[in-house]
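Worksheet: the structure to be examined is printed underneath.
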Amino acid sequence: MTSFGIGRAIGESLGFAAQWRVWLVWIITLAIIAFFGVAPLQSSLASLLDHTPDATRLAQSFNMRELGGLFSGLSVHGAAISTAFLASLIVTALLSPWLTGVAITAARGQSAPRFVELVQGGLSEYPRQLRLLLWGLVVYGLAFVVFGGIRHWAGERAEHAVLESVAERGSLIANLVGAIAVLLAHLSLESARAFLVVRPNDGGALRAWWRAVKMIVRRPVASVSVYLAVLLVGLLVAAIIAIVRVRVAPIGWSWVIVAALLTQLTVLALAWARVARLRALAHLAHDEAIRRYR
């Protein structure tokens with residue numbers, strides 16, 4: 001890690017995160033997760049669409065009213081779909097700590113790690129990332145408690161408001177505070193992972209999270225700037241690709257291939273942004289560690 005500068009940290013991280021091995025690991029892992037949820041749904045959809053004469057026209061026009069009437073028949077397969085959805089959630093929960101460990105391993109090195117290093121790094125980080133995942137439920141729970149309290153306050157204010165604009169302003173404030181609370185919760189957890197990037201042998205998940213909280217309090221501008229900049233860049237790239245994907249109707253083999261490639265590009269954008277975000281926050285965590293813990 002080099003000396004810290006917000007712009008330099010963001011730029012270096014966005015470039016460093018372009019690691020094709022990490023992208024491939026993400027694609028394979030998310031494909032495994034999707035298989036458990038999509039395969040039963042695809043089978044149910046096939047039972048409806050394979051015998052529908054207008055299937056091609058519906059796919060091309062994407063008429064939501066007609067599709068809604070057609071998909072109402074999925075209720076017959078409700079139990080199978082619910083079971084598949086639950087299975088995909090369980091697989092996601094089990095693989096998520098390992099995938100985060102892979103991202104941490106990728107963000108930690110001075111050069112792009114090999115496949116074996118990524119797999120081993122994900123496994124070695126798994127216990128801490130699992131604990132941090134469980135602790136994240138508490139952190140997000142507190143954020144939503146704050147959101148609920150503000151919403152309750154806004155609701156009471158709206159009941160006694162004379163002007164509609166006052167009620168709307170209260171609702172806007174509540175939504176804004178709720179969004180900030182959730183973002184700060186996510187920032188604290190990502191910053192904890194960043195401390196595990198730069199100080200892997202110095203304490204566990206909760207200690208890293210507490211250090212992250214203190215860093216955010218001491219350096220709020222730098223923490224929020226680095227976090228939001230990389231987050232927004234990643235979301236923007238993923239959103240652009242996703243919009244193009246939605247506009248591509250997979251009719252014919254060539255367009256099916258294009259649609260599949262665009263879907264994978266969206267996954268790659270998210271993986272790239274995740275590693276870049278951890279790397280950028282790790283620059284800040286490294287600078288904070290030099291100042292405070294050495």
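By order of appearance in the structure tokens: chains A, B, ..., then residues from 1 within every chain, and ligands from 1 in the order shown.
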
**Message:** Show me, as a ChimeraX atom specification, the residues that have an atom within 7 Å of stretch 271-276 of chain A when counting only C-alpha atoms, minus same-chain residues fewer than 3 positions from it.
**Reply:** /A:13-14,17-18,23,26,103,106-107,230-231,234,267-268,279-280

Expected file contents, prior selection, C-alpha atoms, as a PDB file, in the first residue's frame:
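Written file, again_39.pdb:
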ATOM      1  CA  SER A  13      -8.156   0.442  -6.930  1.00  0.00           C
ATOM      2  CA  LEU A  14     -10.351   0.623 -10.026  1.00  0.00           C
ATOM      3  CA  ALA A  17      -9.511  -4.749  -9.443  1.00  0.00           C
ATOM      4  CA  ALA A  18      -9.636  -5.779 -13.104  1.00  0.00           C
ATOM      5  CA  TRP A  23     -14.335 -12.530 -12.416  1.00  0.00           C
ATOM      6  CA  TRP A  26     -17.636 -14.943  -9.321  1.00  0.00           C
ATOM      7  CA  ALA A 103     -12.414 -10.595  -2.921  1.00  0.00           C
ATOM      8  CA  ALA A 106      -7.628 -10.298  -4.491  1.00  0.00           C
ATOM      9  CA  ALA A 107      -7.572  -6.845  -2.875  1.00  0.00           C
ATOM     10  CA  VAL A 230     -16.210   3.375  -6.036  1.00  0.00           C
ATOM     11  CA  LEU A 231     -19.731   2.193  -5.184  1.00  0.00           C
ATOM     12  CA  GLY A 234     -19.560   0.156 -10.068  1.00  0.00           C
ATOM     13  CA  VAL A 267     -21.746  -9.936 -12.917  1.00  0.00           C
ATOM     14  CA  LEU A 268     -18.192  -8.920 -13.838  1.00  0.00           C
ATOM     15  CA  ARG A 279      -8.928  -2.119  -2.186  1.00  0.00           C
ATOM     16  CA  ALA A 280      -9.754   1.596  -1.943  1.00  0.00           C
TER      17      ALA A 280
END

Would you tabulate, counting only C-alpha atoms, all residues of stretch 194-253 of chain A that have an atom at most 12 Å from an atom of stretch 138-162 of chain A, showing the closest pair of atoms and their distance in Å to one decimal, sorted by chain then ascending number, as CSV?
residue,atom,partner,partner_atom,distance
A:Leu206,CA,A:Val139,CA,11.4
A:Trp209,CA,A:Val139,CA,10.3
A:Trp210,CA,A:Val139,CA,11.7
A:Val213,CA,A:Val139,CA,11.4

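When only C-alpha atoms are used to measure the gap to A:Pro200, the shortest distance among A:Leu133, A:Pro220, A:Ala185, A:Gly121 belongs to A:Gly121.
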
**Prompt:** For the atom pair atom CA of A:Gly178 and atom CA of A:Leu236, what is the interatomic distance in Å to one decimal place?
**Reply:** 22.0 Å

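The list of residues with at least one atom within 8 Å of A:Thr263, based on only C-alpha atoms and without residues fewer than 2 positions apart in the same chain, reads Ile241, Ala242, Arg245, Ala259, Ala260, Leu261, Leu265, Thr266 and Val267 of chain A.
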
Atoms kept (N, CA and C atoms) for selection, written as a PDB file, in the first residue's frame:
ATOM      1  N   ILE A 241     -24.936  -1.737 -18.352  1.00  0.00           N
ATOM      2  CA  ILE A 241     -24.937  -3.061 -18.984  1.00  0.00           C
ATOM      3  C   ILE A 241     -26.291  -3.732 -18.814  1.00  0.00           C
ATOM      4  N   ALA A 242     -26.886  -3.602 -17.620  1.00  0.00           N
ATOM      5  CA  ALA A 242     -28.188  -4.228 -17.361  1.00  0.00           C
ATOM      6  C   ALA A 242     -29.278  -3.626 -18.240  1.00  0.00           C
ATOM      7  N   ARG A 245     -28.923  -5.033 -21.565  1.00  0.00           N
ATOM      8  CA  ARG A 245     -29.375  -6.430 -21.535  1.00  0.00           C
ATOM      9  C   ARG A 245     -30.898  -6.522 -21.599  1.00  0.00           C
ATOM     10  N   ALA A 259     -27.266 -11.838 -25.200  1.00  0.00           N
ATOM     11  CA  ALA A 259     -27.938 -11.623 -23.915  1.00  0.00           C
ATOM     12  C   ALA A 259     -27.175 -12.297 -22.778  1.00  0.00           C
ATOM     13  N   ALA A 260     -26.685 -13.514 -23.020  1.00  0.00           N
ATOM     14  CA  ALA A 260     -25.926 -14.225 -21.986  1.00  0.00           C
ATOM     15  C   ALA A 260     -24.625 -13.497 -21.660  1.00  0.00           C
ATOM     16  N   LEU A 261     -23.954 -12.991 -22.689  1.00  0.00           N
ATOM     17  CA  LEU A 261     -22.706 -12.255 -22.472  1.00  0.00           C
ATOM     18  C   LEU A 261     -22.946 -10.974 -21.680  1.00  0.00           C
ATOM     19  N   LEU A 265     -21.430  -9.864 -18.136  1.00  0.00           N
ATOM     20  CA  LEU A 265     -20.738  -8.585 -17.975  1.00  0.00           C
ATOM     21  C   LEU A 265     -21.260  -7.825 -16.763  1.00  0.00           C
ATOM     22  N   THR A 266     -22.559  -7.941 -16.504  1.00  0.00           N
ATOM     23  CA  THR A 266     -23.125  -7.318 -15.305  1.00  0.00           C
ATOM     24  C   THR A 266     -22.514  -7.924 -14.055  1.00  0.00           C
ATOM     25  N   VAL A 267     -22.380  -9.250 -14.046  1.00  0.00           N
ATOM     26  CA  VAL A 267     -21.746  -9.936 -12.917  1.00  0.00           C
ATOM     27  C   VAL A 267     -20.298  -9.477 -12.759  1.00  0.00           C
TER      28      VAL A 267
END

**Request:** Quote the spacing between atom CA of A:Asn175 and atom CA of A:Ser188 in Å to one decimal place.
**Result:** 20.0 Å

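Among the candidates A:Val119, A:Ala212, A:Leu95, A:Val102, the residue lying nearest to A:Leu281 is A:Ala212 (atoms considered: only C-alpha atoms).
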
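When only C-alpha atoms are used to measure the gap to A:Leu284, the shortest distance among A:Ala34, A:Ile173, A:Val221, A:Ile28 belongs to A:Val221.
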
**Message:** Residues near A:Tyr126, anyone? I mean within 7 Å using only C-alpha atoms, not counting same-chain ones fewer than 6 positions away, as an MDAnalysis selection string.
**Reply:** chainID A and resid 97:98 101

Residues just named, written with N, CA and C atoms as a PDB file, in the first residue's frame:
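part.pdb written:
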ATOM      1  N   PRO A  97     -19.581 -15.899   2.480  1.00  0.00           N
ATOM      2  CA  PRO A  97     -18.322 -15.622   3.191  1.00  0.00           C
ATOM      3  C   PRO A  97     -17.091 -16.033   2.393  1.00  0.00           C
ATOM      4  N   TRP A  98     -17.188 -17.157   1.686  1.00  0.00           N
ATOM      5  CA  TRP A  98     -16.052 -17.586   0.872  1.00  0.00           C
ATOM      6  C   TRP A  98     -15.808 -16.616  -0.275  1.00  0.00           C
ATOM      7  N   GLY A 101     -14.170 -13.660   1.005  1.00  0.00           N
ATOM      8  CA  GLY A 101     -12.772 -13.974   1.249  1.00  0.00           C
ATOM      9  C   GLY A 101     -11.939 -13.957  -0.017  1.00  0.00           C
TER      10      GLY A 101
END

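Put simply, atom CA of A:Thr92 is 6.1 Å away from atom CA of A:Ile33.
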
**Request:** Using only C-alpha atoms, pick whichever of A:Arg199, A:Arg193, A:Arg128, A:Arg291 has the shortest atom-to-atom distance to A:Arg219.
**Result:** A:Arg291

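The closest residue to A:Ile240, picked from A:Ala269, A:Val256, A:Ala112, A:Leu278 and counting only C-alpha atoms, is A:Ala269.
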
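Remark: for A:Thr29, the closest of the candidate residues A:Leu196, A:Leu94, A:Ala282, A:Ala87 is A:Leu94 (distances computed over only C-alpha atoms).
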